[in-house]
Each structure stands twice: as structure tokens, then as C-alpha cells.
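What's in query.csv: CSV, N, CA and C atoms
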```
chain,number,residue,atom,x,y,z
A,1,MET,N,-14.0,6.5,-49.2
A,1,MET,CA,-14.0,7.9,-49.7
A,1,MET,C,-15.3,8.6,-49.4
A,2,GLU,N,-16.3,7.9,-49.4
A,2,GLU,CA,-17.6,8.5,-49.1
A,2,GLU,C,-17.6,9.0,-47.6
A,3,THR,N,-17.0,8.3,-46.7
A,3,THR,CA,-16.9,8.7,-45.3
A,3,THR,C,-16.1,10.0,-45.2
A,4,VAL,N,-15.0,10.1,-45.9
A,4,VAL,CA,-14.2,11.3,-45.9
A,4,VAL,C,-15.0,12.5,-46.4
A,5,ILE,N,-15.7,12.4,-47.5
A,5,ILE,CA,-16.5,13.4,-48.0
A,5,ILE,C,-17.6,13.8,-47.0
A,6,TRP,N,-18.2,12.9,-46.3
A,6,TRP,CA,-19.2,13.2,-45.3
A,6,TRP,C,-18.6,14.0,-44.2
A,7,LEU,N,-17.5,13.6,-43.7
A,7,LEU,CA,-16.8,14.3,-42.6
A,7,LEU,C,-16.4,15.7,-42.9
A,8,VAL,N,-15.9,15.8,-44.1
A,8,VAL,CA,-15.5,17.2,-44.6
A,8,VAL,C,-16.7,18.1,-44.7
A,9,ALA,N,-17.8,17.6,-45.3
A,9,ALA,CA,-19.0,18.4,-45.5
A,9,ALA,C,-19.7,18.7,-44.1
A,10,SER,N,-19.7,17.7,-43.2
A,10,SER,CA,-20.5,17.8,-42.0
A,10,SER,C,-19.7,18.5,-40.9
A,11,LEU,N,-18.4,18.6,-41.0
A,11,LEU,CA,-17.6,19.2,-39.9
A,11,LEU,C,-17.4,20.7,-40.2
A,12,ALA,N,-17.8,21.2,-41.4
A,12,ALA,CA,-17.6,22.6,-41.7
A,12,ALA,C,-18.4,23.5,-40.7
A,13,LEU,N,-19.7,23.2,-40.6
A,13,LEU,CA,-20.6,24.0,-39.7
A,13,LEU,C,-20.1,24.0,-38.3
A,14,PRO,N,-20.0,22.9,-37.6
A,14,PRO,CA,-19.6,23.0,-36.2
A,14,PRO,C,-18.2,23.7,-36.0
A,15,LEU,N,-17.3,23.5,-37.0
A,15,LEU,CA,-16.0,24.2,-36.8
A,15,LEU,C,-16.2,25.7,-36.9
A,16,ILE,N,-17.1,26.2,-37.8
A,16,ILE,CA,-17.4,27.6,-37.9
A,16,ILE,C,-18.0,28.1,-36.7
A,17,LEU,N,-19.0,27.3,-36.1
A,17,LEU,CA,-19.6,27.7,-34.9
A,17,LEU,C,-18.6,27.8,-33.7
A,18,LEU,N,-17.7,26.8,-33.7
A,18,LEU,CA,-16.7,26.8,-32.6
A,18,LEU,C,-15.8,28.0,-32.8
A,19,GLY,N,-15.5,28.4,-34.1
A,19,GLY,CA,-14.7,29.6,-34.3
A,19,GLY,C,-15.4,30.9,-33.8
A,20,VAL,N,-16.7,30.9,-34.0
A,20,VAL,CA,-17.5,32.1,-33.4
A,20,VAL,C,-17.4,32.1,-31.9
A,21,ALA,N,-17.5,30.9,-31.3
A,21,ALA,CA,-17.4,30.8,-29.9
A,21,ALA,C,-16.0,31.3,-29.4
A,22,ILE,N,-14.9,30.9,-30.1
A,22,ILE,CA,-13.6,31.4,-29.7
A,22,ILE,C,-13.5,32.9,-29.9
A,23,PHE,N,-14.0,33.4,-31.0
A,23,PHE,CA,-14.0,34.8,-31.3
A,23,PHE,C,-14.7,35.6,-30.2
A,24,ALA,N,-15.9,35.1,-29.8
A,24,ALA,CA,-16.7,35.7,-28.7
A,24,ALA,C,-15.9,35.7,-27.4
A,25,TRP,N,-15.3,34.6,-27.1
A,25,TRP,CA,-14.6,34.4,-25.8
A,25,TRP,C,-13.4,35.3,-25.7
A,26,THR,N,-12.7,35.6,-26.8
A,26,THR,CA,-11.4,36.4,-26.8
A,26,THR,C,-11.6,37.9,-27.1
A,27,ARG,N,-12.8,38.3,-27.5
A,27,ARG,CA,-13.0,39.7,-27.9
A,27,ARG,C,-12.9,40.6,-26.6
A,28,ARG,N,-12.4,41.8,-26.8
A,28,ARG,CA,-12.2,42.7,-25.7
A,28,ARG,C,-13.4,43.7,-25.6
A,29,THR,N,-14.2,43.8,-26.6
A,29,THR,CA,-15.4,44.6,-26.5
A,29,THR,C,-16.6,43.7,-26.5
A,30,PRO,N,-17.8,44.1,-26.1
A,30,PRO,CA,-18.9,43.2,-26.0
A,30,PRO,C,-19.2,42.6,-27.4
A,31,VAL,N,-19.4,41.4,-27.5
A,31,VAL,CA,-19.8,40.7,-28.7
A,31,VAL,C,-21.3,40.9,-29.0
A,32,TRP,N,-21.6,41.0,-30.2
A,32,TRP,CA,-23.0,41.2,-30.6
A,32,TRP,C,-23.6,39.9,-31.2
A,33,PHE,N,-24.9,39.9,-31.4
A,33,PHE,CA,-25.5,38.7,-31.9
A,33,PHE,C,-26.1,38.9,-33.2
A,34,TYR,N,-26.8,40.0,-33.4
A,34,TYR,CA,-27.5,40.4,-34.6
A,34,TYR,C,-26.7,41.3,-35.5
A,35,ALA,N,-26.7,41.1,-36.8
A,35,ALA,CA,-26.0,42.0,-37.7
A,35,ALA,C,-26.7,43.4,-37.7
A,36,GLY,N,-26.0,44.4,-37.7
A,36,GLY,CA,-26.6,45.8,-37.9
A,36,GLY,C,-27.0,46.4,-36.5
A,37,ILE,N,-27.0,45.6,-35.5
A,37,ILE,CA,-27.4,46.1,-34.1
A,37,ILE,C,-26.1,46.3,-33.3
A,38,PRO,N,-26.0,47.5,-32.7
A,38,PRO,CA,-24.8,47.8,-31.9
A,38,PRO,C,-24.6,46.9,-30.7
A,39,SER,N,-23.4,46.7,-30.2
A,39,SER,CA,-23.2,45.9,-29.0
A,39,SER,C,-23.9,46.5,-27.8
A,40,PRO,N,-24.4,45.7,-27.0
A,40,PRO,CA,-25.1,46.2,-25.8
A,40,PRO,C,-24.1,46.8,-24.8
A,41,GLU,N,-24.6,47.6,-23.9
A,41,GLU,CA,-23.8,48.2,-22.8
A,41,GLU,C,-23.8,47.2,-21.7
A,42,VAL,N,-22.7,46.6,-21.3
A,42,VAL,CA,-22.6,45.6,-20.3
A,42,VAL,C,-21.7,46.0,-19.2
A,43,SER,N,-21.9,45.4,-18.0
A,43,SER,CA,-21.2,45.8,-16.8
A,43,SER,C,-19.8,45.0,-16.8
A,44,ASP,N,-19.8,43.8,-17.2
A,44,ASP,CA,-18.6,43.0,-17.2
A,44,ASP,C,-18.4,42.4,-18.6
A,45,VAL,N,-17.6,43.0,-19.4
A,45,VAL,CA,-17.4,42.6,-20.8
A,45,VAL,C,-16.8,41.2,-20.8
A,46,ARG,N,-15.8,40.9,-20.0
A,46,ARG,CA,-15.2,39.6,-20.1
A,46,ARG,C,-16.1,38.5,-19.7
A,47,ALA,N,-16.9,38.6,-18.7
A,47,ALA,CA,-17.9,37.6,-18.3
A,47,ALA,C,-19.0,37.5,-19.4
A,48,PHE,N,-19.4,38.6,-19.9
A,48,PHE,CA,-20.4,38.6,-21.0
A,48,PHE,C,-20.0,37.9,-22.2
A,49,ASN,N,-18.8,38.2,-22.6
A,49,ASN,CA,-18.2,37.5,-23.8
A,49,ASN,C,-18.0,36.0,-23.5
A,50,ARG,N,-17.5,35.7,-22.3
A,50,ARG,CA,-17.3,34.3,-22.0
A,50,ARG,C,-18.6,33.5,-22.0
A,51,ALA,N,-19.7,34.1,-21.5
A,51,ALA,CA,-21.0,33.4,-21.5
A,51,ALA,C,-21.5,33.2,-23.0
A,52,ASN,N,-21.3,34.2,-23.8
A,52,ASN,CA,-21.7,34.1,-25.2
A,52,ASN,C,-20.8,33.0,-25.9
A,53,GLY,N,-19.6,33.0,-25.6
A,53,GLY,CA,-18.7,31.9,-26.2
A,53,GLY,C,-19.1,30.5,-25.8
A,54,ILE,N,-19.5,30.4,-24.5
A,54,ILE,CA,-20.0,29.1,-24.1
A,54,ILE,C,-21.3,28.7,-24.8
A,55,ALA,N,-22.2,29.7,-25.0
A,55,ALA,CA,-23.5,29.4,-25.7
A,55,ALA,C,-23.2,29.0,-27.1
A,56,TRP,N,-22.3,29.6,-27.8
A,56,TRP,CA,-22.0,29.2,-29.2
A,56,TRP,C,-21.3,27.9,-29.2
A,57,ALA,N,-20.4,27.6,-28.3
A,57,ALA,CA,-19.8,26.3,-28.2
A,57,ALA,C,-20.8,25.2,-28.0
A,58,LEU,N,-21.7,25.4,-27.1
A,58,LEU,CA,-22.8,24.4,-26.8
A,58,LEU,C,-23.7,24.2,-28.0
A,59,PHE,N,-23.9,25.3,-28.8
A,59,PHE,CA,-24.7,25.2,-30.0
A,59,PHE,C,-24.0,24.4,-31.1
A,60,SER,N,-22.7,24.3,-31.0
A,60,SER,CA,-22.0,23.5,-32.0
A,60,SER,C,-22.0,22.0,-31.7
A,61,LEU,N,-22.2,21.6,-30.5
A,61,LEU,CA,-22.1,20.2,-30.1
A,61,LEU,C,-23.0,19.3,-30.8
A,62,PRO,N,-24.3,19.6,-31.1
A,62,PRO,CA,-25.1,18.6,-31.8
A,62,PRO,C,-24.6,18.4,-33.2
A,63,PHE,N,-24.0,19.4,-33.8
A,63,PHE,CA,-23.5,19.3,-35.2
A,63,PHE,C,-22.2,18.4,-35.2
A,64,PHE,N,-21.4,18.5,-34.2
A,64,PHE,CA,-20.2,17.6,-34.0
A,64,PHE,C,-20.7,16.2,-33.9
A,65,ALA,N,-21.8,16.0,-33.0
A,65,ALA,CA,-22.4,14.7,-32.8
A,65,ALA,C,-22.9,14.1,-34.1
A,66,ALA,N,-23.6,15.0,-34.9
A,66,ALA,CA,-24.2,14.5,-36.2
A,66,ALA,C,-23.1,14.1,-37.1
A,67,ALA,N,-21.9,14.7,-37.1
A,67,ALA,CA,-20.8,14.3,-38.0
A,67,ALA,C,-20.3,12.9,-37.6
A,68,GLY,N,-20.2,12.7,-36.3
A,68,GLY,CA,-19.8,11.3,-35.9
A,68,GLY,C,-20.8,10.3,-36.1
A,69,VAL,N,-22.0,10.6,-35.9
A,69,VAL,CA,-23.1,9.6,-36.1
A,69,VAL,C,-23.3,9.3,-37.6
A,70,GLY,N,-23.1,10.3,-38.4
A,70,GLY,CA,-23.3,10.2,-39.8
A,70,GLY,C,-22.3,9.2,-40.5
A,71,VAL,N,-21.2,8.9,-39.9
A,71,VAL,CA,-20.3,7.9,-40.4
A,71,VAL,C,-21.0,6.6,-40.4
A,72,VAL,N,-21.8,6.3,-39.4
A,72,VAL,CA,-22.5,5.0,-39.3
A,72,VAL,C,-23.9,5.1,-39.9
A,73,HIS,N,-24.7,6.1,-39.6
A,73,HIS,CA,-26.1,6.2,-40.0
A,73,HIS,C,-26.4,7.6,-40.4
A,74,ARG,N,-26.6,7.8,-41.7
A,74,ARG,CA,-26.8,9.2,-42.2
A,74,ARG,C,-28.2,9.7,-41.9
A,75,LEU,N,-29.2,8.9,-41.8
A,75,LEU,CA,-30.6,9.3,-41.5
A,75,LEU,C,-30.6,9.8,-40.0
A,76,ALA,N,-30.0,9.1,-39.1
A,76,ALA,CA,-29.9,9.6,-37.7
A,76,ALA,C,-29.2,10.9,-37.6
A,77,ALA,N,-28.1,11.1,-38.4
A,77,ALA,CA,-27.4,12.3,-38.4
A,77,ALA,C,-28.2,13.5,-38.9
A,78,ALA,N,-29.1,13.2,-39.9
A,78,ALA,CA,-30.0,14.2,-40.5
A,78,ALA,C,-31.0,14.6,-39.4
A,79,GLY,N,-31.4,13.7,-38.6
A,79,GLY,CA,-32.3,14.0,-37.5
A,79,GLY,C,-31.7,14.8,-36.4
A,80,ILE,N,-30.4,14.6,-36.1
A,80,ILE,CA,-29.7,15.4,-35.2
A,80,ILE,C,-29.5,16.8,-35.7
A,81,ILE,N,-29.1,16.9,-36.9
A,81,ILE,CA,-29.0,18.2,-37.5
A,81,ILE,C,-30.3,19.0,-37.5
A,82,LEU,N,-31.4,18.4,-37.9
A,82,LEU,CA,-32.7,19.0,-37.9
A,82,LEU,C,-33.0,19.5,-36.5
A,83,ALA,N,-32.9,18.6,-35.5
A,83,ALA,CA,-33.1,18.9,-34.1
A,83,ALA,C,-32.2,20.1,-33.6
A,84,GLY,N,-31.0,20.0,-34.0
A,84,GLY,CA,-30.0,21.1,-33.6
A,84,GLY,C,-30.5,22.4,-34.2
A,85,CYS,N,-31.0,22.4,-35.3
A,85,CYS,CA,-31.5,23.7,-35.9
A,85,CYS,C,-32.8,24.1,-35.3
A,86,LEU,N,-33.8,23.2,-35.2
A,86,LEU,CA,-35.1,23.6,-34.7
A,86,LEU,C,-35.1,24.0,-33.3
A,87,PHE,N,-34.3,23.3,-32.5
A,87,PHE,CA,-34.3,23.6,-31.0
A,87,PHE,C,-33.1,24.5,-30.7
A,88,GLY,N,-32.0,24.4,-31.4
A,88,GLY,CA,-30.8,25.1,-31.0
A,88,GLY,C,-30.8,26.6,-31.3
A,89,ILE,N,-31.4,26.9,-32.5
A,89,ILE,CA,-31.4,28.4,-32.8
A,89,ILE,C,-32.3,29.1,-31.8
A,90,PRO,N,-33.5,28.7,-31.6
A,90,PRO,CA,-34.3,29.5,-30.6
A,90,PRO,C,-33.6,29.5,-29.2
A,91,LEU,N,-33.0,28.4,-28.8
A,91,LEU,CA,-32.3,28.4,-27.5
A,91,LEU,C,-31.1,29.3,-27.5
A,92,LEU,N,-30.4,29.4,-28.6
A,92,LEU,CA,-29.3,30.3,-28.7
A,92,LEU,C,-29.8,31.8,-28.6
A,93,VAL,N,-30.9,32.1,-29.2
A,93,VAL,CA,-31.4,33.5,-29.2
A,93,VAL,C,-31.9,33.8,-27.7
A,94,PHE,N,-32.6,32.8,-27.1
A,94,PHE,CA,-33.1,33.0,-25.8
A,94,PHE,C,-31.9,33.2,-24.8
A,95,SER,N,-30.9,32.3,-25.0
A,95,SER,CA,-29.7,32.5,-24.0
A,95,SER,C,-29.0,33.8,-24.2
A,96,TYR,N,-29.0,34.3,-25.5
A,96,TYR,CA,-28.3,35.6,-25.7
A,96,TYR,C,-29.1,36.7,-24.9
A,97,HIS,N,-30.4,36.7,-25.1
A,97,HIS,CA,-31.2,37.7,-24.4
A,97,HIS,C,-31.1,37.6,-22.8
A,98,LYS,N,-31.0,36.3,-22.4
A,98,LYS,CA,-30.8,36.1,-20.9
A,98,LYS,C,-29.4,36.6,-20.5
A,99,ILE,N,-28.4,36.4,-21.3
A,99,ILE,CA,-27.0,36.8,-21.0
A,99,ILE,C,-27.0,38.4,-21.0
A,100,CYS,N,-27.7,39.0,-22.0
A,100,CYS,CA,-27.7,40.5,-22.0
A,100,CYS,C,-28.4,41.0,-20.8
A,101,LYS,N,-29.5,40.4,-20.4
A,101,LYS,CA,-30.2,40.9,-19.2
A,101,LYS,C,-29.3,40.7,-17.9
A,102,LYS,N,-28.6,39.6,-17.8
A,102,LYS,CA,-27.8,39.4,-16.7
A,102,LYS,C,-26.6,40.4,-16.5
A,103,TYR,N,-26.0,40.8,-17.7
A,103,TYR,CA,-24.8,41.6,-17.6
A,103,TYR,C,-25.1,43.1,-18.1
A,104,GLU,N,-26.4,43.4,-18.2
A,104,GLU,CA,-26.7,44.8,-18.6
A,104,GLU,C,-26.2,45.8,-17.6
A,105,LYS,N,-25.7,46.9,-18.1
A,105,LYS,CA,-25.1,48.0,-17.3
A,105,LYS,C,-26.2,48.7,-16.5
A,106,ALA,N,-26.1,48.8,-15.2
A,106,ALA,CA,-27.0,49.6,-14.4
A,106,ALA,C,-26.8,51.1,-14.7
A,107,GLU,N,-27.9,51.7,-14.9
A,107,GLU,CA,-27.9,53.2,-15.2
A,107,GLU,C,-27.7,54.0,-14.0
```
Show me this structure written as C-alpha cells.
Amino acid sequence: METVIWLVASLALPLILLGVAIFAWTRRTPVWFYAGIPSPEVSDVRAFNRANGIAWALFSLPFFAAAGVGVVHRLAAAGIILAGCLFGIPLLVFSYHKICKKYEKAE
């Protein structure tokens, strides 16, 4: 029973992140990253959204791994979650800015 509770609790975040990735991948207008900031002007909306979807899907991977590892060793899972947050969030922001720069509309 304890394992089931662990899996339900630990799989919520990566499934939400994967949902964001699918949302970004299928959106017809440019996806945004920050709340309250308008979508950027991009040259290729489909490629821009696909790149953002891939970034979000990659961001969810450590959390899926932590859910699986947590079944066996909870402390190792906590380390993976901590590393996913400490390194993943800045990498996600960096990749978003890199994607924006790559697909920004030429004036």
C-alpha cells in the first residue's frame, strides 16, 4: 500500500509536466513560458512549439525516474527530485530563451 501511495504522489508532477509538453506541442499559436507576458513573435510557430514541447518533456524525465527509484529507495528519489529542480528549472528557462532566439521573427 505504501508503494501505491508513493507512486500516486510522485507521478502527479511528471504527468502534469508531460501534459504541458503535449499542450505546447499541439498549440497553434506560439506557446508562452511566463505568466502575464505575451507570446513572442516567431517565424515558425510549429517548430517553436515543438521545441518547447520537447524541452518540457525532457524536464519531466528526472521526476519519472524519481518515481521509479522511489519504489526501491526513497532517499535516492529525493536526491533526484532535488537535482531535477535545482538544475532542471534553470536549464528549462535557458532553453526557452535559446528557443525564442532561434525562432524569433526577423523584422
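Atom C of A:Asn52 lies 16.5 Å from atom CA of A:Pro38.
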Nearby residues (only N, CA and C atoms) at most 6.5 Å from stretch 79-95 of chain A, same-chain spacing under 3 positions excluded, as a ChimeraX atom specification: /A:55,59,62-63,66,74-76,98-100
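Put simply, atom CA of A:Val69 is 20.8 Å away from atom CA of A:Trp56.
With all atoms listed in the file as the atoms that count, the residue of A:Gly68, A:Thr3, A:Ala57, A:Pro30 with the shortest distance to A:Asp44 is A:Pro30.
Pairwise distance (atom CA of A:Leu58, atom CA of A:Phe23) equals 14.3 Å.
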Counting only C-alpha atoms, which of A:Lys102, A:His73, A:Leu61, A:Tyr96 gets nearest to A:Leu13? A:Leu61
Give the answer as one residue: which of A:Lys101, A:Val71, A:Ser39, A:Leu15 has the shortest atom-to-atom distance to A:Glu2, using all atoms listed in the file? A:Val71
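Considering the residues A:Ala51, A:Leu11, A:Ala106, A:Val20 and counting all atoms listed in the file, A:Phe64 has its shortest atom-to-atom contact with A:Leu11.
Here the question is which of A:Tyr103, A:Tyr34, A:Trp6, A:Trp25 gets nearest to A:Gly53 using only C-alpha atoms, and that residue is A:Trp25.
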Could you please write out, as a count of residues only, every residue of chain A that DSSP assigns to helix (DSSP H, G or I)? 81
